[in-house]
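One structure below.
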Amino acid sequence: MEQALDPSMFDGQTIVALIAGFAATGVISGILAGLLGVGGGIVIVPVLFWVLTLFHFPASITSHLAVATSLAIIIPTSISSMRAHAKRGNVDHALLSLWGPAVFVGALIGGIMSKFIPGGGLRLVFGVVGLLVAINLSMPKHLVISDHLPKSAWVNRAIATVIGFISALMGIGGGTLSVPTLASFSFPVHRAVGTSSALGLLIAIPGVAGFIWAGLSVAGRPPLSLGFVSLPAVLIIAPISYLLAPWGAHLAHVLNARYLKLAFAFFLAITAARMLIS
């Protein structure tokens with residue numbers, strides 16, 4: 001049987017504070033989605049984790065709820081960000097056709113596997129991978145594996161599957177892994193960010209489906225949850241994030257590539273560290 005929150009915690013002041021907090025999350029996540037091609041998950045996951053912890057939800061499911069809800073919010077945000085980048089010609093359709101199906105499959109596997117991974121495991125994945133990527137991007141010369149993508153289609157599909165799998169477990173749109181991966185193969189950063197916004201949609205949809213299935217029979221979830229997805233949080237954050245993503249995409253087009261990478265590394269390092277110490 002699901003646990004319920006203490007009704008006394010839902011006074012008017014608390015509700016207003018929660019709505020304001022979710023709205024602010026939507027603003028920041030929308031801008032970052034367009035700016036970095038990450039779907040805003042690097043902000044949404046830690047904030048939702050903190051809010052759910054504050055309201056004393058079971059520790060065993062707070063990470064799952066944060067990740068799943070983030071993925072649901074990423075769906076409309078990625079659409080908005082992808083359209084904005086596409087108008088500027090920064091979505092590589094050839095790469096999207098090659099990586100897209102494998103990313104989709106990897107994310108679906110990640111969503112399904114979430115049923116068998118404890119909350120601490122999800123936080124560990126988010127923290128460790130996030131810090132490694134942030135360190136790589138903050139270095140003056142990032143890791144360069146080659147001056148072009150692998151010639152083998154199967155190697156590309158393997159890379160994309162791993163990206164989809166880990167991204168689904170982290171609750172992010174794919175840019176966290178796909179941008180630095182593409183950069184290591186000398187792919188232009190603005191084009192990598194734009195294409196990653198499209199990959200985010202292919203990660204979020206199957207990832208959400210897996211988390212919904214995984215959480216259907218789990219007790220202690222918030223009211224109005226669909227599996228591990230908190231519908232009220234989605235309804236508050238998603239519209240704001242959707243509207244702000246095009247502005248972030250405009251900033252990505254204007255900013256110097258180096259500054260774009262540093263901004264990505266900065267936000268990622270902060271949120272990853274917070275998840276590790278939680």
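Letters A, B, ... mark the chains of the structure tokens in the order given; residue numbers begin at 1 per chain; ligand numbers begin at 1, in order shown.
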
Which residues, written as a PyMOL selection string, have at least one atom at most 6 Å from A:Ile203, with only C-alpha atoms counted and residues fewer than 2 positions away on the same chain left out?
-> chain A and resi 104+107+164+200-201+205+207

Helix (DSSP H, G or I) residues, from DSSP on the backbone, in stretch 155-201 of chain A, as a PyMOL selection string = chain A and resi 155-170+175-184+189-201

Can you list, as a PyMOL selection string, every protein, DNA or RNA residue that comes within 12 Å of A:Asn90 when you count only C-alpha atoms, leaving out same-chain residues fewer than 5 positions away?
-> chain A and resi 34+37+81-85+95-96+187-198+249-250+252-253

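Residues of stretch 50-264 of chain A carrying a DSSP assignment of strand (DSSP E or B), computed from the backbone, are Ser225, Leu226, Val229 and Ser230 of chain A.
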
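The nearest approach to A:Lys115 among the residues A:Ser225, A:Ser63, A:Thr25, A:Thr181, with only C-alpha atoms taken into account, belongs to A:Ser63.
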
Excluding A:Ala23 and any residue of its chain fewer than 5 positions from it, enumerate the residues within 7 Å of it, using only C-alpha atoms, and give them as an mmCIF file with C-alpha atoms, in the first residue's frame.
```cif
data_model
loop_
_atom_site.group_PDB
_atom_site.id
_atom_site.type_symbol
_atom_site.label_atom_id
_atom_site.label_comp_id
_atom_site.auth_asym_id
_atom_site.auth_seq_id
_atom_site.Cartn_x
_atom_site.Cartn_y
_atom_site.Cartn_z
ATOM 1 C CA ILE A 236 4.582 22.599 -13.689
ATOM 2 C CA ILE A 237 8.137 22.293 -14.995
ATOM 3 C CA ILE A 240 8.189 26.574 -18.691
#
```

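Atom CA of A:Gly119 is positioned 14.8 Å from atom CA of A:Val229.
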
Write out as a PyMOL selection string each polymer residue whose atoms come within 12 Å of A:Val105, counting only C-alpha atoms; drop sequence neighbours fewer than 6 positions from it.
-> chain A and resi 99+111-112+157-168+199+202-207+209-210

Output N, CA and C atoms for every residue in the selection just made, as a compact mmCIF listing (two decimals), in the first residue's frame.
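The resulting file, selection13.txt, is reproduced below:
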```txt
# COMPACT_ATOMS: atom_id res chain seq x y z
N TRP A 99 22.83 6.91 -35.20
CA TRP A 99 22.83 6.72 -33.75
C TRP A 99 21.43 6.55 -33.16
N GLY A 111 15.70 2.02 -18.83
CA GLY A 111 14.46 2.23 -18.11
C GLY A 111 13.93 0.96 -17.48
N ILE A 112 14.00 -0.14 -18.21
CA ILE A 112 13.53 -1.42 -17.68
C ILE A 112 14.43 -1.90 -16.55
N ARG A 157 26.91 2.21 -33.50
CA ARG A 157 25.70 1.75 -32.82
C ARG A 157 25.99 1.31 -31.38
N ALA A 158 27.15 0.69 -31.17
CA ALA A 158 27.53 0.26 -29.83
C ALA A 158 27.72 1.48 -28.92
N ILE A 159 28.40 2.50 -29.43
CA ILE A 159 28.59 3.74 -28.67
C ILE A 159 27.25 4.37 -28.33
N ALA A 160 26.36 4.44 -29.31
CA ALA A 160 25.06 5.06 -29.11
C ALA A 160 24.20 4.28 -28.10
N THR A 161 24.29 2.96 -28.13
CA THR A 161 23.53 2.14 -27.18
C THR A 161 23.96 2.41 -25.75
N VAL A 162 25.27 2.49 -25.53
CA VAL A 162 25.80 2.78 -24.19
C VAL A 162 25.35 4.17 -23.73
N ILE A 163 25.40 5.13 -24.64
CA ILE A 163 24.97 6.48 -24.31
C ILE A 163 23.49 6.49 -23.91
N GLY A 164 22.66 5.80 -24.67
CA GLY A 164 21.24 5.74 -24.36
C GLY A 164 20.97 5.06 -23.03
N PHE A 165 21.69 3.98 -22.76
CA PHE A 165 21.51 3.20 -21.52
C PHE A 165 21.86 4.05 -20.30
N ILE A 166 23.05 4.63 -20.29
CA ILE A 166 23.51 5.40 -19.13
C ILE A 166 22.69 6.67 -18.97
N SER A 167 22.35 7.32 -20.09
CA SER A 167 21.57 8.56 -20.02
C SER A 167 20.20 8.32 -19.40
N ALA A 168 19.57 7.19 -19.73
CA ALA A 168 18.26 6.87 -19.15
C ALA A 168 18.38 6.66 -17.64
N LEU A 199 18.69 13.64 -30.01
CA LEU A 199 18.91 12.34 -29.37
C LEU A 199 18.22 12.28 -28.01
N LEU A 202 14.89 10.74 -28.22
CA LEU A 202 14.96 9.29 -28.42
C LEU A 202 15.41 8.55 -27.17
N ILE A 203 15.96 9.29 -26.22
CA ILE A 203 16.31 8.70 -24.92
C ILE A 203 15.13 8.80 -23.96
N ALA A 204 14.47 9.95 -23.94
CA ALA A 204 13.43 10.21 -22.95
C ALA A 204 12.21 9.32 -23.13
N ILE A 205 11.75 9.14 -24.37
CA ILE A 205 10.51 8.38 -24.59
C ILE A 205 10.62 6.93 -24.11
N PRO A 206 11.60 6.15 -24.59
CA PRO A 206 11.69 4.77 -24.09
C PRO A 206 12.11 4.70 -22.62
N GLY A 207 12.94 5.67 -22.19
CA GLY A 207 13.35 5.69 -20.79
C GLY A 207 12.16 5.87 -19.86
N ALA A 209 9.03 5.15 -20.54
CA ALA A 209 8.21 3.94 -20.61
C ALA A 209 8.74 2.86 -19.66
N GLY A 210 10.06 2.70 -19.64
CA GLY A 210 10.65 1.71 -18.75
C GLY A 210 10.45 2.05 -17.29
```

Can you pull out every residue within 6 Å of stretch 129-134 of chain A, counting only C-alpha atoms, but drop anything in the same chain fewer than 6 positions away, and send it as a count of residues only?
-> 4

Give me, please, the distance in Å between atom CA of A:Gly41 and atom CA of A:Ala66, quoted to one decimal.
-> 9.4 Å

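The environment of A:Val47 within 12 Å, counting only C-alpha atoms and disregarding residues fewer than 6 places along the same chain, consists of Leu18, Gly21, Phe22, Ala23, Ala24, Thr25, Gly26, Ile28, Ser29, Gly40, Gly41, Thr53, Leu54, Thr62, Ser63, Leu65, Ala66, Val67, Thr69, Ser70, Ala233, Ile237, Thr271, Ala272, Arg274, Met275 and Ser278 of chain A.
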
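Atom CA of A:Val179 sits 17.6 Å away from atom CA of A:Val254.
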
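Here the question is which of A:Pro222, A:Ala102, A:Ile172, A:Ser146 gets nearest to A:Phe55 using only C-alpha atoms, and that residue is A:Pro222.
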